[in-house]
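Novice: Sharing a structure, written as structure tokens. Questions coming.
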Amino acid sequence: MIIVSACLCGINCKYDGGNNLDVRILKLVKEGKALPICPEQLGGQETPRDPQEITNGNGFDVIEGNARILGFKNDDLTSKFLKGAYESLKIAEAVGATIAILKARSPSCGVSQIYDGTFSGTKRNGNGVTAELLLSKGIIVFTEENLEKLESLLMGEI
């Protein structure tokens with residue numbers, strides 16, 4: 001089983017109330033190969049919500065207690081992101097997921113790059129909180145932007 005960011009399946013859980021539909025990922029859900037999750041909603045956040053970014057670090061730093069996730073109005077949402085990451089991990093473990101496809105650059109789901117915490121659109125290297133937690137538990141994480149690598153890896157098995 002694969003877990004996927006719910007916004008990539010067309011579920012309106014993105015911070016602005018919209019989604020990031022990717023028909024390739026929706027196809028996996030329809031075929032019963034993937035299960036959608038939204039770490040932000042699992043952490044207790046509403047949709048829509050203000051933009052949020054990791055400040056002074058990345059997902060690893062947040063997990064270690066050395067960085068925070070702040071909203072655009074400087075509200076601290078770190079505990080909600082951590083709760084959502086751990087709830088996402090519980091779901092992944094419950095369904096035996098070994099692969100995740102998560103939304104690129106998200107403070108929860110970003111892989112390899114996230115926004116830098118200045119709300120300027122500037123990116124920096126690092127993973128989001130959920131992505132980092134899943135990777136630390138041996139789950140292979142992709143984004144919609146490198147899905148071809150997964151397809152090549154599995155040689156059409158998904």
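Going through the structure tokens in order, the chains are called A, B, and so on, while each chain numbers its residues from 1 and the ligands are numbered from 1 in the order shown.
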Which residues are close to Lys137 in chain A, i.e. within 10 Å by only C-alpha atoms, leaving aside same-chain residues fewer than 2 positions away? Reply as a VMD selection string.
Specialist: chain A and resid 89 93 98 132 to 135 139 to 140
Novice: Just the selected residues (N, CA and C atoms), exported as a CSV table (one decimal), in the first residue's frame, please.
Specialist:
```csv
chain,number,residue,atom,x,y,z
A,89,LEU,N,2.1,8.5,10.4
A,89,LEU,CA,3.0,7.4,10.5
A,89,LEU,C,2.1,6.2,11.0
A,93,GLU,N,1.8,2.7,9.1
A,93,GLU,CA,2.1,1.4,9.7
A,93,GLU,C,0.9,0.5,9.7
A,98,THR,N,4.9,1.1,2.5
A,98,THR,CA,6.3,1.2,2.4
A,98,THR,C,6.8,2.3,1.5
A,132,GLU,N,10.0,13.7,6.9
A,132,GLU,CA,11.2,13.3,7.7
A,132,GLU,C,10.9,12.1,8.6
A,133,LEU,N,9.8,12.1,9.2
A,133,LEU,CA,9.4,11.1,10.1
A,133,LEU,C,9.2,9.7,9.4
A,134,LEU,N,8.5,9.8,8.2
A,134,LEU,CA,8.3,8.6,7.4
A,134,LEU,C,9.7,8.0,6.9
A,135,LEU,N,10.5,8.9,6.5
A,135,LEU,CA,11.9,8.5,6.0
A,135,LEU,C,12.7,7.8,7.1
A,139,ILE,N,10.3,4.3,5.3
A,139,ILE,CA,9.3,4.5,4.2
A,139,ILE,C,9.9,5.3,3.1
A,140,ILE,N,9.8,4.9,1.9
A,140,ILE,CA,10.4,5.6,0.8
A,140,ILE,C,9.4,6.7,0.4
```
Novice: Near Glu53 in chain A, counting only C-alpha atoms, which residues have an atom at most 9 Å away, once you skip same-chain residues fewer than 6 positions from it, shown as a list in words?
Specialist: Arg68, Ile69, Leu70, Gly71, Phe72, Ser106, Pro107, Ile114, Tyr115, Asp116, Gly117, Thr118 and Phe119 of chain A
Novice: Given only C-alpha atoms as the basis, pick out the residue of A:Gly43, A:Cys9, A:Lys14, A:Ile2 nearest to Lys27 in chain A.
Specialist: A:Cys9
Novice: What lies within 10 Å of range 143-152 of chain A using only C-alpha atoms, ignoring chain neighbours under 5 positions off, as a PyMOL selection string?
Specialist: chain A and resi 4-5+8+20-22+24-25+99-105+109-112+131+157-158
Novice: Range 15-152 of chain A: which residues are strand (DSSP E) by DSSP, as a ChimeraX atom specification?
Specialist: /A:34-37,52-55,68-71,99-102,113-115,123-125,140-143
Novice: From the list A:Glu64, A:Asp76, A:Asp50, A:Glu40, which residue is nearest Thr130 in chain A when using only C-alpha atoms?
Specialist: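 Nearest to Thr130 in chain A: A:Glu40.
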Novice: What does the distance between CA of Cys13 in chain A and CA of Leu153 in chain A come to in Å, to one decimal place?
Specialist: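 Atom-to-atom, CA of Cys13 in chain A to CA of Leu153 in chain A, that is 29.0 Å.
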